[in-house]
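Trainee: The following block contains the structure, expressed as structure tokens.
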Amino acid sequence: MSKQKLILIGNGMAGIRTVEELLKLEPEMYEITVFGAEPHPNYNRIMLSPVLAGEKTIDDIVLNSRDWYAEKGISLHTGDPVVEIDRISRQVKTASGNTLSYDRLLLATGSNPFIIPVPGHELPGVVGFRDIRDVEMMLESARQHKKAVVIGGGLLGLEAANGLMKNGMDVTVVHLMDILMERQLDKPAAELLKASLAESGMNFLMQAETAEILGDDRVRGVRFKDGSEIEADLVVMAVGIRPNTELAQQAGLHCERGVVVNDTLQTFDPRIYAVGECVQHRNSCYGLVAPLFEQAKVCANHLAMLGYGRYEGSVTSTKLKVTGIDLFSAGEFNEGEGDETLVLQDPAQGIYKKLVIKDNRIKGAVMYGDTMDGTWYFQLLREETDISGFRNTILFGQHDLGDAGHGDETRVAMLSDDAEICGCNGVCKGDIVNAITSKGLFTLDEVRTHTKASASCGSCTGLVESLLASTVGEGYAAAPSKKAVCACTEHSHDEVIQAIRTAPLKSMRDLFDYLNWKTPDGCSSCRPALNYYLLANWPGEYQDDAQSRFINERAHGNIQKDGTYSVVPRMFGGLCTANDLRSIADVADKYQVPEMKVTGGQRIDLFGVKKEQLPSMWKDLTAAGFVSGHAYGKAMRTVKTCAGKTWCRFGTQNSTGLGVQLEELTWGSWMPHKFKLAVSGCPRNCAEATIKDFGVVCVDSGYELHIGGNGGIKVRVTDLLCKVETEAEVVEYCGAFTQLYREEAHYLERTAPWVERVSLGYVKQRILEDEAGRKALFERFQYGQQFAQIDPWRARAEGAEAHEFTPLSINRMRVAS
Amino acid sequence: MSDWIAIAMLDEIPTMGARKLQTETQEIAVFRTGNDEVFALRDRCPHRGGPLSQGIVHGDTVSCPLHNWKIDLQSGEVQGPDDGCVNTYAVKVDEGVVYLNLAQAESAA
């Protein structure tokens, strides 16, 4: 069968992004032809402002060179625009008279700058600010003339004014409203911005309505409604954009402000799709890049005939690309009825931050002077995170939440090129910026794949996002609020968990079929997650799939960099006898263990064991009474204890015994991530219970229960859940909390980020207020433990999964046959 | 004499899994995919030498257990933005028996 024909009208960012997304999904499905009105290959329109300001060249902002089109087999026609669409014969006609037929058509005609139709608007020297030609024309004027007037004090107008000023012109910004950038800023932020721009030499005429452009053969001035006049050799109209719907209208497609599309980016003619600034979706037209990229992804999904993507609109954020000015805005930043606002103002330093809040969720943000946390606020906004837990300090920024990693030095823009951004993979700022510009990267995921930055522990994610934002402008595609489990699916973790419970799904194969997994058997990211979810929800029924487990959990030991394993026997509560130690020493001697150490969780680690030796080593350890310590798993790890009342003069309660009891309750349980407990015998807290997933601090009158702490990359101190009076209650609350986490957290999400995501209030409601619910959670935990507390070491010492530990050999079959 | 050596019954290799084969001179990872196709590669990731036989097998790909590099089982080539290549060896399955041919190394690193 010959390929279908796809024609793209519009060689801009949205259209080409759609083609790129399509080629990723179906590289061979279409024969693709692209028509562009401009004589250039695809370039980054957002970066025109830095070009005008002389900070970048046109070559810097080209996204896809002509070689790219050739390499992908796409025929590119620049400078010969399509002038007519014939929907009946499914053909397009170009200005030069060529006709070409299509099976599917993609409209990405973008928008036109709105030129106010006042007298004189067609005079030479009046331009919009939209494409390379406009920029060239402005630069040309700047070389020959002195006075520029920019009509429009919005984002684009101010960027144009700044650029012209950098080129030596005397610039006046004329604005109809009394505040600049009124669509992005509130009054205080706008005043700060205006003051700062005025200081750098920009002039302003506020609340001025243009009546006429004056001039004969070239513009020489502007007259306003009130009769006043101002001199001008160049007038830039930057009062807004209008979706370019001309072609679509002429072809009889339904248009309002833009070309109307549905959630699959289809116009009223199902063979014709539309994306980008020319589109009107659910009554919104977008002029920023991030939404266009979201549209591109969905549209490509449908062009590839996969049929499951949906575009549901975008929340946008803005940054002004004027060097030296930090400004960020997102969402609904003017408070409405019933909203609350948090404001931080430091006029001396020129800092202003405002968050608009409703029901403890961020609705909007405006920031001026210090925008470091813009991406963080935007993420909280999109994910509708409950901020009650850190509302007191939220205005001071994310590092104030206990981010021990980078703190104040996170002003990425000021870092030198050799500053290390990703400590895990040793990636410097220069490497990342290089990759972003040379490979045309727009998303965090792309940067991760190409540079490895933020691909390991993730603590530098915020830095990398800031770098992306400062390198490609506000158009960088922020991570979508709904995160798919991995590239094998569009479904989120929550959707998968929901389907497993309600469908119900009890095997991996059923799950792949039911949720239309895109790959035949998943990948190394999703399979371990799915295996966990199935196991956690159907403990008695689901057959654990060893091949979907990471090697540590398959081999029940930690793989080390040389391919050997480490072995940690469980010692309940960290207690041991001389005999236990003797047995471990004997095993270490027998298997010539090269190194041993005491772990942070009060256990003994034996390093350097060959995989083939594991089962017989476990046999000896099992015989001495040990079970697996699960030090290798996304599982309950250890219960750390202090000296305890028996010996310590400060001790209260039977803390050590309680530690043993909790470890006996929870050992063997698989978890979304590792899970650590501790019991301290008094508030001196020698067992460090307040940086554990579940910590108990014994006091004279009972037991304080603490949750959601961890050491590690980002230290988080626990939240106090409650205080209880009896050991039996500690056990029940511990089991119930553990089970809530097991059922509702995402795979690889530790309790600390999970508690922050769902909020402490939610956990309290489920564990404290809902007594029946708590008891039910505890019962489900105990039920699951029947199946989990089968020692994997004993089973393997007795011969289970023998193939895992026995290498094949060349001679084996010869002897057998 | 044929160069094909019988090394295992197909059933002895877990589906979507692998076994390590120890020869006198080297270690070879023998993979079985979800479609029962069998591949043999040198058991050493070109990145930091991780044992590929211990990785997760998905599609025709294995993810290295140490740093998650993804290696194409057919070609031995590292996928995505990472670069590198692993030696592959000829294998075949005949009546449930897996044969390996060490004489026919299919690519040289």
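Here's how to read the names in the structure tokens: chain A, B, ... by the order shown, residue numbers from 1 in each chain, ligand numbers from 1 in the order shown.
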Determine which residues of chain B sit within 8 Å of chain A, taking into account only C-alpha atoms, and present them as a PDB file with N, CA, C and O atoms, in the first residue's frame.
Mentor:
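Now in result_2.pdb:
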ATOM      1  N   ILE B   5      26.941 -25.417  19.329  1.00  0.00           N
ATOM      2  CA  ILE B   5      27.024 -26.135  20.602  1.00  0.00           C
ATOM      3  C   ILE B   5      25.684 -26.014  21.318  1.00  0.00           C
ATOM      4  O   ILE B   5      25.161 -24.897  21.461  1.00  0.00           O
ATOM      5  N   ALA B   6      25.156 -27.156  21.774  1.00  0.00           N
ATOM      6  CA  ALA B   6      23.916 -27.094  22.553  1.00  0.00           C
ATOM      7  C   ALA B   6      24.249 -26.530  23.933  1.00  0.00           C
ATOM      8  O   ALA B   6      25.192 -26.987  24.587  1.00  0.00           O
ATOM      9  N   ILE B   7      23.511 -25.521  24.362  1.00  0.00           N
ATOM     10  CA  ILE B   7      23.834 -24.916  25.664  1.00  0.00           C
ATOM     11  C   ILE B   7      22.722 -25.036  26.692  1.00  0.00           C
ATOM     12  O   ILE B   7      22.962 -24.970  27.895  1.00  0.00           O
ATOM     13  N   ALA B   8      21.473 -25.182  26.244  1.00  0.00           N
ATOM     14  CA  ALA B   8      20.378 -25.255  27.212  1.00  0.00           C
ATOM     15  C   ALA B   8      19.102 -25.684  26.499  1.00  0.00           C
ATOM     16  O   ALA B   8      19.006 -25.580  25.277  1.00  0.00           O
ATOM     17  N   GLU B  12      14.700 -23.758  30.005  1.00  0.00           N
ATOM     18  CA  GLU B  12      15.567 -23.431  31.139  1.00  0.00           C
ATOM     19  C   GLU B  12      15.880 -21.936  31.232  1.00  0.00           C
ATOM     20  O   GLU B  12      16.473 -21.484  32.193  1.00  0.00           O
ATOM     21  N   ILE B  13      15.503 -21.211  30.184  1.00  0.00           N
ATOM     22  CA  ILE B  13      15.704 -19.754  30.222  1.00  0.00           C
ATOM     23  C   ILE B  13      14.340 -19.114  30.487  1.00  0.00           C
ATOM     24  O   ILE B  13      13.384 -19.398  29.769  1.00  0.00           O
ATOM     25  N   PRO B  14      14.218 -18.307  31.523  1.00  0.00           N
ATOM     26  CA  PRO B  14      12.905 -17.723  31.811  1.00  0.00           C
ATOM     27  C   PRO B  14      12.445 -16.780  30.701  1.00  0.00           C
ATOM     28  O   PRO B  14      13.267 -16.076  30.102  1.00  0.00           O
ATOM     29  N   THR B  15      11.134 -16.791  30.400  1.00  0.00           N
ATOM     30  CA  THR B  15      10.582 -15.857  29.424  1.00  0.00           C
ATOM     31  C   THR B  15      10.821 -14.435  29.916  1.00  0.00           C
ATOM     32  O   THR B  15      10.663 -14.153  31.102  1.00  0.00           O
ATOM     33  N   MET B  16      11.163 -13.541  28.999  1.00  0.00           N
ATOM     34  CA  MET B  16      11.548 -12.165  29.340  1.00  0.00           C
ATOM     35  C   MET B  16      12.660 -12.179  30.386  1.00  0.00           C
ATOM     36  O   MET B  16      12.635 -11.432  31.364  1.00  0.00           O
ATOM     37  N   GLY B  17      13.605 -13.094  30.179  1.00  0.00           N
ATOM     38  CA  GLY B  17      14.684 -13.198  31.139  1.00  0.00           C
ATOM     39  C   GLY B  17      15.955 -13.649  30.445  1.00  0.00           C
ATOM     40  O   GLY B  17      16.065 -13.600  29.212  1.00  0.00           O
ATOM     41  N   ARG B  19      19.910 -16.109  30.993  1.00  0.00           N
ATOM     42  CA  ARG B  19      20.829 -16.930  31.795  1.00  0.00           C
ATOM     43  C   ARG B  19      22.237 -16.510  31.427  1.00  0.00           C
ATOM     44  O   ARG B  19      22.516 -16.111  30.296  1.00  0.00           O
ATOM     45  N   LYS B  20      23.112 -16.654  32.389  1.00  0.00           N
ATOM     46  CA  LYS B  20      24.515 -16.379  32.121  1.00  0.00           C
ATOM     47  C   LYS B  20      25.177 -17.677  31.680  1.00  0.00           C
ATOM     48  O   LYS B  20      24.934 -18.727  32.277  1.00  0.00           O
ATOM     49  N   LEU B  21      25.983 -17.629  30.629  1.00  0.00           N
ATOM     50  CA  LEU B  21      26.726 -18.802  30.178  1.00  0.00           C
ATOM     51  C   LEU B  21      28.202 -18.547  30.442  1.00  0.00           C
ATOM     52  O   LEU B  21      28.761 -17.537  30.026  1.00  0.00           O
ATOM     53  N   GLN B  22      28.811 -19.487  31.186  1.00  0.00           N
ATOM     54  CA  GLN B  22      30.215 -19.322  31.532  1.00  0.00           C
ATOM     55  C   GLN B  22      31.037 -20.174  30.578  1.00  0.00           C
ATOM     56  O   GLN B  22      30.896 -21.385  30.545  1.00  0.00           O
ATOM     57  N   THR B  23      31.881 -19.547  29.759  1.00  0.00           N
ATOM     58  CA  THR B  23      32.798 -20.342  28.941  1.00  0.00           C
ATOM     59  C   THR B  23      34.173 -20.228  29.587  1.00  0.00           C
ATOM     60  O   THR B  23      34.330 -19.544  30.590  1.00  0.00           O
ATOM     61  N   GLY B  34       9.830 -12.159  25.194  1.00  0.00           N
ATOM     62  CA  GLY B  34       8.427 -12.524  25.358  1.00  0.00           C
ATOM     63  C   GLY B  34       7.899 -13.336  24.183  1.00  0.00           C
ATOM     64  O   GLY B  34       6.943 -14.106  24.323  1.00  0.00           O
ATOM     65  N   GLY B  49      30.525  -1.932  32.363  1.00  0.00           N
ATOM     66  CA  GLY B  49      30.773  -3.363  32.506  1.00  0.00           C
ATOM     67  C   GLY B  49      29.704  -4.126  33.277  1.00  0.00           C
ATOM     68  O   GLY B  49      29.950  -5.227  33.757  1.00  0.00           O
ATOM     69  N   GLY B  50      28.522  -3.576  33.414  1.00  0.00           N
ATOM     70  CA  GLY B  50      27.445  -4.255  34.149  1.00  0.00           C
ATOM     71  C   GLY B  50      27.051  -5.569  33.497  1.00  0.00           C
ATOM     72  O   GLY B  50      27.136  -5.723  32.282  1.00  0.00           O
ATOM     73  N   PRO B  51      26.643  -6.562  34.314  1.00  0.00           N
ATOM     74  CA  PRO B  51      26.235  -7.855  33.759  1.00  0.00           C
ATOM     75  C   PRO B  51      24.840  -7.783  33.136  1.00  0.00           C
ATOM     76  O   PRO B  51      23.845  -7.749  33.847  1.00  0.00           O
ATOM     77  N   GLN B  54      21.664  -9.799  34.019  1.00  0.00           N
ATOM     78  CA  GLN B  54      20.896  -9.513  35.226  1.00  0.00           C
ATOM     79  C   GLN B  54      19.868  -8.402  35.013  1.00  0.00           C
ATOM     80  O   GLN B  54      19.190  -7.981  35.933  1.00  0.00           O
ATOM     81  N   GLY B  55      19.750  -7.904  33.783  1.00  0.00           N
ATOM     82  CA  GLY B  55      18.858  -6.776  33.523  1.00  0.00           C
ATOM     83  C   GLY B  55      17.423  -7.221  33.266  1.00  0.00           C
ATOM     84  O   GLY B  55      17.129  -8.413  33.204  1.00  0.00           O
ATOM     85  N   ILE B  56      16.540  -6.241  33.119  1.00  0.00           N
ATOM     86  CA  ILE B  56      15.143  -6.525  32.789  1.00  0.00           C
ATOM     87  C   ILE B  56      15.007  -6.552  31.264  1.00  0.00           C
ATOM     88  O   ILE B  56      15.479  -5.656  30.567  1.00  0.00           O
ATOM     89  N   VAL B  57      14.370  -7.626  30.751  1.00  0.00           N
ATOM     90  CA  VAL B  57      14.202  -7.804  29.316  1.00  0.00           C
ATOM     91  C   VAL B  57      12.808  -7.324  28.924  1.00  0.00           C
ATOM     92  O   VAL B  57      11.818  -7.723  29.534  1.00  0.00           O
ATOM     93  N   HIS B  58      12.724  -6.425  27.942  1.00  0.00           N
ATOM     94  CA  HIS B  58      11.425  -5.936  27.482  1.00  0.00           C
ATOM     95  C   HIS B  58      11.508  -5.744  25.990  1.00  0.00           C
ATOM     96  O   HIS B  58      12.434  -5.129  25.486  1.00  0.00           O
ATOM     97  N   GLY B  59      10.540  -6.266  25.243  1.00  0.00           N
ATOM     98  CA  GLY B  59      10.628  -6.244  23.789  1.00  0.00           C
ATOM     99  C   GLY B  59      11.911  -6.939  23.379  1.00  0.00           C
ATOM    100  O   GLY B  59      12.257  -7.991  23.926  1.00  0.00           O
ATOM    101  N   SER B  63      17.657  -3.766  29.719  1.00  0.00           N
ATOM    102  CA  SER B  63      18.140  -2.591  30.445  1.00  0.00           C
ATOM    103  C   SER B  63      19.226  -3.032  31.406  1.00  0.00           C
ATOM    104  O   SER B  63      19.007  -3.920  32.221  1.00  0.00           O
ATOM    105  N   PRO B  65      21.470  -3.527  34.533  1.00  0.00           N
ATOM    106  CA  PRO B  65      21.080  -3.368  35.929  1.00  0.00           C
ATOM    107  C   PRO B  65      21.848  -2.267  36.658  1.00  0.00           C
ATOM    108  O   PRO B  65      21.386  -1.793  37.689  1.00  0.00           O
ATOM    109  N   LEU B  66      22.983  -1.849  36.144  1.00  0.00           N
ATOM    110  CA  LEU B  66      23.737  -0.841  36.898  1.00  0.00           C
ATOM    111  C   LEU B  66      23.256   0.589  36.644  1.00  0.00           C
ATOM    112  O   LEU B  66      22.961   1.321  37.569  1.00  0.00           O
ATOM    113  N   GLY B  80      19.233   4.913  21.933  1.00  0.00           N
ATOM    114  CA  GLY B  80      19.008   6.266  22.432  1.00  0.00           C
ATOM    115  C   GLY B  80      20.249   7.107  22.318  1.00  0.00           C
ATOM    116  O   GLY B  80      21.109   6.823  21.486  1.00  0.00           O
ATOM    117  N   PRO B  81      20.342   8.102  23.149  1.00  0.00           N
ATOM    118  CA  PRO B  81      21.450   9.041  22.997  1.00  0.00           C
ATOM    119  C   PRO B  81      22.789   8.467  23.451  1.00  0.00           C
ATOM    120  O   PRO B  81      23.823   9.028  23.137  1.00  0.00           O
ATOM    121  N   ASP B  82      22.771   7.343  24.180  1.00  0.00           N
ATOM    122  CA  ASP B  82      24.048   6.751  24.575  1.00  0.00           C
ATOM    123  C   ASP B  82      24.660   6.028  23.387  1.00  0.00           C
ATOM    124  O   ASP B  82      23.969   5.595  22.487  1.00  0.00           O
TER     125      ASP B  82
END
Trainee: Please, which residues in segment 11-88 of chain B fall within 10 Å of segment 93-99 of chain B when counting only C-alpha atoms, and what is the closest atom pair and distance in Å to one decimal for each, ordered by chain then residue number, as a Markdown table?
Mentor:
| residue | atom | partner | partner_atom | distance |
| --- | --- | --- | --- | --- |
| B:Asp11 | CA | B:Gly96 | CA | 7.5 |
| B:Glu12 | CA | B:Val98 | CA | 9.6 |
| B:Ile13 | CA | B:Val98 | CA | 9.6 |
| B:Val30 | CA | B:Val98 | CA | 9.4 |
| B:Asp36 | CA | B:Val93 | CA | 9.5 |
| B:Glu37 | CA | B:Val93 | CA | 8.5 |
| B:Val38 | CA | B:Val93 | CA | 7.5 |
| B:Phe39 | CA | B:Val98 | CA | 9.9 |
Trainee: Residues as selected, N, CA, C and O atoms, written as a PDB file, in the first residue's frame, can you do that?
Mentor:
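Printed below is part13.pdb as written:
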ATOM      1  N   ASP B  11      13.309 -24.073  27.689  1.00  0.00           N
ATOM      2  CA  ASP B  11      12.540 -23.909  28.936  1.00  0.00           C
ATOM      3  C   ASP B  11      13.408 -23.534  30.130  1.00  0.00           C
ATOM      4  O   ASP B  11      12.892 -23.098  31.152  1.00  0.00           O
ATOM      5  N   GLU B  12      14.700 -23.758  30.005  1.00  0.00           N
ATOM      6  CA  GLU B  12      15.567 -23.431  31.139  1.00  0.00           C
ATOM      7  C   GLU B  12      15.880 -21.936  31.232  1.00  0.00           C
ATOM      8  O   GLU B  12      16.473 -21.484  32.193  1.00  0.00           O
ATOM      9  N   ILE B  13      15.503 -21.211  30.184  1.00  0.00           N
ATOM     10  CA  ILE B  13      15.704 -19.754  30.222  1.00  0.00           C
ATOM     11  C   ILE B  13      14.340 -19.114  30.487  1.00  0.00           C
ATOM     12  O   ILE B  13      13.384 -19.398  29.769  1.00  0.00           O
ATOM     13  N   VAL B  30      22.546 -15.133  27.649  1.00  0.00           N
ATOM     14  CA  VAL B  30      21.632 -15.733  26.681  1.00  0.00           C
ATOM     15  C   VAL B  30      20.216 -15.298  27.054  1.00  0.00           C
ATOM     16  O   VAL B  30      19.728 -15.607  28.136  1.00  0.00           O
ATOM     17  N   ASP B  36       9.638 -15.641  22.665  1.00  0.00           N
ATOM     18  CA  ASP B  36      10.474 -16.847  22.605  1.00  0.00           C
ATOM     19  C   ASP B  36      11.608 -16.734  21.599  1.00  0.00           C
ATOM     20  O   ASP B  36      12.117 -17.742  21.116  1.00  0.00           O
ATOM     21  N   GLU B  37      12.000 -15.513  21.257  1.00  0.00           N
ATOM     22  CA  GLU B  37      13.212 -15.392  20.451  1.00  0.00           C
ATOM     23  C   GLU B  37      14.413 -15.443  21.393  1.00  0.00           C
ATOM     24  O   GLU B  37      14.328 -14.995  22.541  1.00  0.00           O
ATOM     25  N   VAL B  38      15.523 -15.990  20.896  1.00  0.00           N
ATOM     26  CA  VAL B  38      16.703 -16.142  21.743  1.00  0.00           C
ATOM     27  C   VAL B  38      17.863 -15.343  21.148  1.00  0.00           C
ATOM     28  O   VAL B  38      18.046 -15.324  19.926  1.00  0.00           O
ATOM     29  N   PHE B  39      18.590 -14.638  22.007  1.00  0.00           N
ATOM     30  CA  PHE B  39      19.745 -13.863  21.570  1.00  0.00           C
ATOM     31  C   PHE B  39      20.904 -14.107  22.527  1.00  0.00           C
ATOM     32  O   PHE B  39      20.691 -14.420  23.698  1.00  0.00           O
TER      33      PHE B  39
END
Trainee: Among the residues of segment 6-107 of chain B, find those DSSP assigns to helix (DSSP H, G or I) from the backbone and print them as an MDAnalysis selection string.
Mentor: chainID B and resid 10:12 52:54
Trainee: Might you pull out every residue within 6 Å of Leu100 of chain B, with only C-alpha atoms counted and same-chain residues fewer than 5 positions away left off, and present them as a list in words?
Mentor: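 Here the qualifying residues turn out to be Trp4, Ile5, Ala90 and Val91 of chain B.
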Trainee: Extract, using only C-alpha atoms, all DNA, RNA and protein residues at most 7 Å from His493 of chain A, discarding same-chain residues fewer than 5 positions from it, and format them as an NGL selection string.
Mentor: :A and (484-485 or 746)
Trainee: Determine which residues of chain B DSSP labels as strand (DSSP E) from the backbone of this structure, then write them out as an MDAnalysis selection string.
Mentor: chainID B and resid 4:9 17:22 27:32 38:42 56:58 61:63 70:72 88:94 97:105
Trainee: Using N, CA and C atoms, can you export the residues from the last selection as a tab-separated table (two decimals), in the first residue's frame?
Mentor:
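Final output, again.tsv:
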chain	number	residue	atom	x	y	z
B	4	TRP	N	28.05	-25.50	16.03
B	4	TRP	CA	26.91	-25.23	16.91
B	4	TRP	C	27.00	-26.08	18.18
B	5	ILE	N	26.94	-25.42	19.33
B	5	ILE	CA	27.02	-26.13	20.60
B	5	ILE	C	25.68	-26.01	21.32
B	6	ALA	N	25.16	-27.16	21.77
B	6	ALA	CA	23.92	-27.09	22.55
B	6	ALA	C	24.25	-26.53	23.93
B	7	ILE	N	23.51	-25.52	24.36
B	7	ILE	CA	23.83	-24.92	25.66
B	7	ILE	C	22.72	-25.04	26.69
B	8	ALA	N	21.47	-25.18	26.24
B	8	ALA	CA	20.38	-25.26	27.21
B	8	ALA	C	19.10	-25.68	26.50
B	9	MET	N	18.15	-26.16	27.29
B	9	MET	CA	16.80	-26.32	26.75
B	9	MET	C	16.16	-24.92	26.81
B	17	GLY	N	13.61	-13.09	30.18
B	17	GLY	CA	14.68	-13.20	31.14
B	17	GLY	C	15.96	-13.65	30.45
B	18	ALA	N	16.92	-14.07	31.23
B	18	ALA	CA	18.22	-14.43	30.66
B	18	ALA	C	18.93	-15.44	31.57
B	19	ARG	N	19.91	-16.11	30.99
B	19	ARG	CA	20.83	-16.93	31.80
B	19	ARG	C	22.24	-16.51	31.43
B	20	LYS	N	23.11	-16.65	32.39
B	20	LYS	CA	24.52	-16.38	32.12
B	20	LYS	C	25.18	-17.68	31.68
B	21	LEU	N	25.98	-17.63	30.63
B	21	LEU	CA	26.73	-18.80	30.18
B	21	LEU	C	28.20	-18.55	30.44
B	22	GLN	N	28.81	-19.49	31.19
B	22	GLN	CA	30.22	-19.32	31.53
B	22	GLN	C	31.04	-20.17	30.58
B	27	GLU	N	32.10	-14.52	29.67
B	27	GLU	CA	30.73	-14.71	30.09
B	27	GLU	C	29.80	-14.19	29.01
B	28	ILE	N	28.80	-15.01	28.69
B	28	ILE	CA	27.86	-14.65	27.64
B	28	ILE	C	26.45	-14.65	28.24
B	29	ALA	N	25.66	-13.64	27.90
B	29	ALA	CA	24.27	-13.58	28.37
B	29	ALA	C	23.37	-14.15	27.28
B	30	VAL	N	22.55	-15.13	27.65
B	30	VAL	CA	21.63	-15.73	26.68
B	30	VAL	C	20.22	-15.30	27.05
B	31	PHE	N	19.58	-14.55	26.16
B	31	PHE	CA	18.28	-13.94	26.46
B	31	PHE	C	17.14	-14.69	25.79
B	32	ARG	N	15.99	-14.68	26.44
B	32	ARG	CA	14.77	-15.18	25.80
B	32	ARG	C	13.71	-14.09	25.93
B	38	VAL	N	15.52	-15.99	20.90
B	38	VAL	CA	16.70	-16.14	21.74
B	38	VAL	C	17.86	-15.34	21.15
B	39	PHE	N	18.59	-14.64	22.01
B	39	PHE	CA	19.75	-13.86	21.57
B	39	PHE	C	20.90	-14.11	22.53
B	40	ALA	N	22.13	-13.97	22.00
B	40	ALA	CA	23.29	-14.11	22.88
B	40	ALA	C	24.20	-12.91	22.69
B	41	LEU	N	24.57	-12.29	23.81
B	41	LEU	CA	25.45	-11.12	23.79
B	41	LEU	C	26.53	-11.32	24.84
B	42	ARG	N	27.64	-10.65	24.62
B	42	ARG	CA	28.65	-10.64	25.68
B	42	ARG	C	28.02	-10.04	26.94
B	56	ILE	N	16.54	-6.24	33.12
B	56	ILE	CA	15.14	-6.52	32.79
B	56	ILE	C	15.01	-6.55	31.26
B	57	VAL	N	14.37	-7.63	30.75
B	57	VAL	CA	14.20	-7.80	29.32
B	57	VAL	C	12.81	-7.32	28.92
B	58	HIS	N	12.72	-6.42	27.94
B	58	HIS	CA	11.42	-5.94	27.48
B	58	HIS	C	11.51	-5.74	25.99
B	61	THR	N	14.84	-5.70	23.92
B	61	THR	CA	15.79	-4.81	24.58
B	61	THR	C	16.09	-5.33	25.98
B	62	VAL	N	17.33	-5.08	26.45
B	62	VAL	CA	17.61	-5.34	27.86
B	62	VAL	C	18.11	-4.03	28.48
B	63	SER	N	17.66	-3.77	29.72
B	63	SER	CA	18.14	-2.59	30.45
B	63	SER	C	19.23	-3.03	31.41
B	70	LYS	N	20.14	0.98	27.72
B	70	LYS	CA	19.28	0.03	27.01
B	70	LYS	C	20.01	-0.51	25.79
B	71	ILE	N	20.06	-1.84	25.69
B	71	ILE	CA	20.81	-2.46	24.61
B	71	ILE	C	19.89	-3.29	23.73
B	72	ASP	N	19.99	-3.08	22.43
B	72	ASP	CA	19.18	-3.82	21.48
B	72	ASP	C	19.74	-5.24	21.35
B	88	THR	N	27.70	-9.65	19.66
B	88	THR	CA	26.59	-10.61	19.64
B	88	THR	C	27.12	-11.94	19.09
B	89	TYR	N	26.42	-13.02	19.43
B	89	TYR	CA	26.81	-14.35	18.96
B	89	TYR	C	25.61	-15.01	18.29
B	90	ALA	N	25.91	-15.88	17.32
B	90	ALA	CA	24.82	-16.57	16.62
B	90	ALA	C	24.20	-17.61	17.56
B	91	VAL	N	22.86	-17.60	17.62
B	91	VAL	CA	22.15	-18.64	18.39
B	91	VAL	C	21.00	-19.16	17.55
B	92	LYS	N	20.58	-20.40	17.81
B	92	LYS	CA	19.37	-20.89	17.15
B	92	LYS	C	18.68	-21.85	18.10
B	93	VAL	N	17.38	-22.03	17.85
B	93	VAL	CA	16.61	-22.98	18.67
B	93	VAL	C	16.11	-24.06	17.74
B	94	ASP	N	16.40	-25.30	18.10
B	94	ASP	CA	15.97	-26.41	17.25
B	94	ASP	C	15.32	-27.46	18.16
B	97	VAL	N	15.89	-27.03	21.81
B	97	VAL	CA	17.26	-26.94	22.31
B	97	VAL	C	17.90	-25.66	21.77
B	98	VAL	N	18.59	-24.94	22.65
B	98	VAL	CA	19.24	-23.70	22.25
B	98	VAL	C	20.70	-23.99	21.88
B	99	TYR	N	21.11	-23.59	20.69
B	99	TYR	CA	22.48	-23.79	20.22
B	99	TYR	C	23.18	-22.45	20.07
B	100	LEU	N	24.47	-22.46	20.38
B	100	LEU	CA	25.28	-21.26	20.26
B	100	LEU	C	26.44	-21.55	19.32
B	101	ASN	N	26.80	-20.54	18.51
B	101	ASN	CA	27.92	-20.70	17.61
B	101	ASN	C	28.98	-19.65	17.92
B	102	LEU	N	30.03	-20.08	18.61
B	102	LEU	CA	31.06	-19.13	19.02
B	102	LEU	C	31.96	-18.70	17.86
B	103	ALA	N	31.96	-19.54	16.78
B	103	ALA	CA	32.83	-19.22	15.65
B	103	ALA	C	32.28	-18.03	14.88
B	104	GLN	N	30.97	-17.85	14.96
B	104	GLN	CA	30.35	-16.79	14.18
B	104	GLN	C	30.01	-15.59	15.04
B	105	ALA	N	30.98	-14.88	15.48
B	105	ALA	CA	30.66	-13.65	16.19
B	105	ALA	C	30.08	-12.70	15.16
Trainee: With a distance cut-off of 10 Å and only C-alpha atoms, select the neighbouring residues of Asp83 of chain B, excluding the residue or stretch itself and same-chain residues fewer than 3 positions from it, and output the selection as a ChimeraX atom specification.
Mentor: /B:46-47,69,71,77-80
Trainee: Could you tell me how far atom CA of Ser111 of chain A lies from atom CA of Gly258 of chain A, in Å and to one decimal?
Mentor: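 Separation between atom CA of Ser111 of chain A and atom CA of Gly258 of chain A: 9.1 Å.
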Trainee: For Gly338 of chain A, please output as a PyMOL selection string all residues within 10 Å (counting only C-alpha atoms; exclusion window: fewer than 3 positions along the same chain).
Mentor: chain A and resi 335+357-359
Trainee: Counting only C-alpha atoms, what is within 8 Å of Ala148 of chain A, bar same-chain residues fewer than 6 positions away, as a ChimeraX atom specification?
Mentor: /A:164,169-172,232-236
